[in-house]
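J.: For reference, the structure I am asking about is given below.
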Amino acid sequence: MIVLEKITKIFGEDSSRTLPVLRGIDLQIEKGASYVVLGRSGVGKSVLLKVLLGLFPMTSGDAFVEGLSVHDRTHRHTYLRYFGMLFQGGALFDSMTILGNIVFALTERGVPRKQATEIAREKLTAVGLGEARVRTLFPSELSGGMQKRAALARAIALDPKILLFDEPTTGLDPITSSKIAYLLRDTVQTLGATAITITHDLVTARVLADRICLLEDGQIAWQGTQEELETTDNPQMISLLKAAKGERAL
Amino acid sequence: MRFVRLLGCAVLRVLARVGHFALFAFKGLAGCVTPPVYGYTLLQQCLAVGFYALPVVGLTAVFAGFVLALQSCSGFAGLSSENTVAAVVVVAITRELGPVLAGLMVAGRTSAAMAAEIGSMRVSEQIDALETLSVNPFKFLVAPRVIASVCMMPLLVLIADIIGIFGGFFVGITRLSFSFGLYLDQLVKHTATFDVFAGLIKAACFGFSIALCGCYYGFTTVKGARGVGEAATYAVVSSSIGILMLNYLITTLFFGL
């Protein structure tokens, strides 16, 4: 179970220009649930994930995974071991091949190299990059969709219990975007993992979500199931739904 | 009152920056002396800092040797030229010009490259990805660069010294018509082990400054592509200033009168 308790993040605390991004976020995510966080650009969706991972120190509040706090530095490796993260741009290491990226992720967590290579091949096949020729390519030689697949293979290399997807379909064409969304859904189901997806794309949200929440002005403005989404009277959510249909947003 | 407040803010900002840099240097050093060691990355960095910088450092040294021989001959006209020119070339190259010119060349080439590479890793979230994989970026990115720079700079400077002295020797023999044997005798006579050693110590310190500035500005990159460009510029400027400051300090320490 993931518990976020009154998480506040203010950037520029030590300067005269402070920028509050998250304002007391409270959220509980059940084991095995797939949660989608919607919201406009710049409302702090990606910051929320990075705070949960401890990549950004939070101003106040706490995050727990299976009772382990993000602030507990002594169990940092155990805490991070729960997660597999798919970054917005893939964040594959430029200096390594696709296979090398995944082998590196595994060997750094103590998997012997020979076994790591086998697992890496298996994961690449699972995301549709099983061809020997593709495995030896460098990230810069791949298309956007292939980079996302390779980054997903790295994220799931160690069969994490929690998968975090930061804007997984941004910048992709609608067909590739749909393929990636369904690949993510299948991967989450195969692993039986808990998933948190950050997106502003309602199509991706509908494919992935058990529950959806809307982040607005650093706070959770609305949350509910897909069925509740259709009947919501929340003005911000209605505005988002209208914009997704190509209508003029409120 | 407003002036005092602005001044206070500026001083605090500078102190915060210095503190941040010191903390970064400490973490970088800690990464150098604690396992794991990333052997392949270290080898790559040794090649980048040492081997690939050889042509530019060699060219700088040889031309510095040429000019030094010509200038000292014209400056000491009327004196016993073979003696004076050989002594000036050897002492200037081994004590100062070899380490400083090689340091500045490597700062321009390598420090900028380090800042740009790490900076683009920062803006493309690759450093965040390292952290989520439980990889300490100080050990993976900073330590190999610092170790490679500290180890390779003395080697580069040693080669630069030899090439620079040879440059002076070549001009002395071909342009200034000095006696081959006498000039060579004077070169050997004035080459002091202590001078060479002091130059190599300088080189190691310069290497540390170059790697640290490159990594620091790379790590603190913000604002996308523009930020990467700024990081490279700051890295070159600060490591060059660092080299000149360290040069003065080490010269005072070894040759302080």
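In the structure tokens, chains take the letters A, B, ... in the order shown, each chain's residues start at 1, and ligands count up from 1 in the order shown.
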Apply DSSP to the structure's backbone, then extract all residues of range 94-181 of chain A labelled strand (DSSP E or B) and return them as a list in words.

T.: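 Answer for range 94-181 of chain A restricted to strand (DSSP E or B) is Ile162, Leu163, Leu164, Phe165 and Asp166 of chain A.
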
J.: Please produce an output containing C-alpha atoms for each residue in the selection, written as an mmCIF file, in the first residue's frame.

T.:
data_model
loop_
_atom_site.group_PDB
_atom_site.id
_atom_site.type_symbol
_atom_site.label_atom_id
_atom_site.label_comp_id
_atom_site.auth_asym_id
_atom_site.auth_seq_id
_atom_site.Cartn_x
_atom_site.Cartn_y
_atom_site.Cartn_z
ATOM 1 C CA ILE A 162 5.095 -0.526 -7.972
ATOM 2 C CA LEU A 163 5.292 0.946 -11.459
ATOM 3 C CA LEU A 164 5.416 4.694 -11.999
ATOM 4 C CA PHE A 165 4.708 6.057 -15.475
ATOM 5 C CA ASP A 166 5.461 9.716 -16.114
#

J.: Can you list, as a PyMOL selection string, every protein, DNA or RNA residue that comes within 10 Å of range 194-197 of chain B when you count only C-alpha atoms, leaving out same-chain residues fewer than 3 positions away?

T.: chain B and resi 90-96+98-99+154+157-158+161+190-191+200-203+254-255

J.: Which residues are near range 136-144 of chain A? Cut-off 7 Å, only C-alpha atoms, ignore same chain within fewer than 5 positions. Put them as a tab-separated table (two decimals) with N, CA and C atoms, in the first residue's frame.

T.:
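New file out.tsv:
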chain	number	residue	atom	x	y	z
A	92	LEU	N	16.90	6.81	-21.02
A	92	LEU	CA	17.84	5.69	-21.24
A	92	LEU	C	19.26	6.27	-21.27
A	94	ASP	N	22.55	7.18	-22.62
A	94	ASP	CA	23.03	7.36	-24.00
A	94	ASP	C	24.24	6.51	-24.34
A	96	MET	N	25.06	3.60	-23.41
A	96	MET	CA	24.90	2.14	-23.41
A	96	MET	C	23.90	1.73	-24.49
A	97	THR	N	24.03	0.49	-24.96
A	97	THR	CA	23.04	-0.03	-25.90
A	97	THR	C	21.74	-0.29	-25.13
A	98	ILE	N	20.69	-0.64	-25.86
A	98	ILE	CA	19.41	-0.94	-25.23
A	98	ILE	C	19.58	-2.12	-24.25
A	99	LEU	N	20.25	-3.15	-24.74
A	99	LEU	CA	20.49	-4.32	-23.89
A	99	LEU	C	21.36	-3.91	-22.69
A	172	LEU	N	3.89	10.98	-28.74
A	172	LEU	CA	3.76	9.85	-29.67
A	172	LEU	C	2.51	10.04	-30.53

J.: Using only C-alpha atoms, which chain A residues lie at most 7 Å away from chain B, written as a ChimeraX atom specification?

T.: /A:55,77,80,89,91-93,105,108

J.: So that I can check the surroundings of Phe208 in chain B, please list as number ranges by chain every protein, DNA and RNA residue that reaches within 8 Å of it, counting only C-alpha atoms and ignoring chain neighbours fewer than 2 positions away.

T.: B: 146-147, 149-150, 204-206, 210-212

J.: Quick one: everything within 6 Å of range 57-61 of chain A, counting only C-alpha atoms, minus sequence neighbours fewer than 6 positions away in the same chain. Send it as a PyMOL selection string.

T.: chain A and resi 5-9

J.: Suppose you want the space between CA of Asp185 in chain B and CA of Gly168 in chain B; what is it in Å?

T.: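 The value is 13.9 Å.
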
J.: What separation in Å, quoted to one decimal, exists between CA of Thr252 in chain B and CA of Ser209 in chain B?

T.: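 Interatomic distance, CA of Thr252 in chain B to CA of Ser209 in chain B: 18.1 Å.
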
J.: Ile159 in chain B: which residues within 9 Å, counting only C-alpha atoms, same-chain residues fewer than 5 positions away excluded, as a ChimeraX atom specification?

T.: /B:54,57-58,61,98,154,164

J.: Select, from A:Ala205, A:Val47, A:Lys123, A:Leu53, the residue with the minimum atom-to-atom distance to Val21 in chain A, counting only C-alpha atoms.

T.: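 Once distances to Val21 in chain A are computed over only C-alpha atoms, the minimum belongs to A:Val47.
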
J.: I want to know what sits within 8 Å of Pro168 in chain A, based on only C-alpha atoms, with residues of the same chain fewer than 6 positions away left out; could you give that as an NGL selection string?

T.: :A and (86-88 or 148 or 180-181 or 197-199)
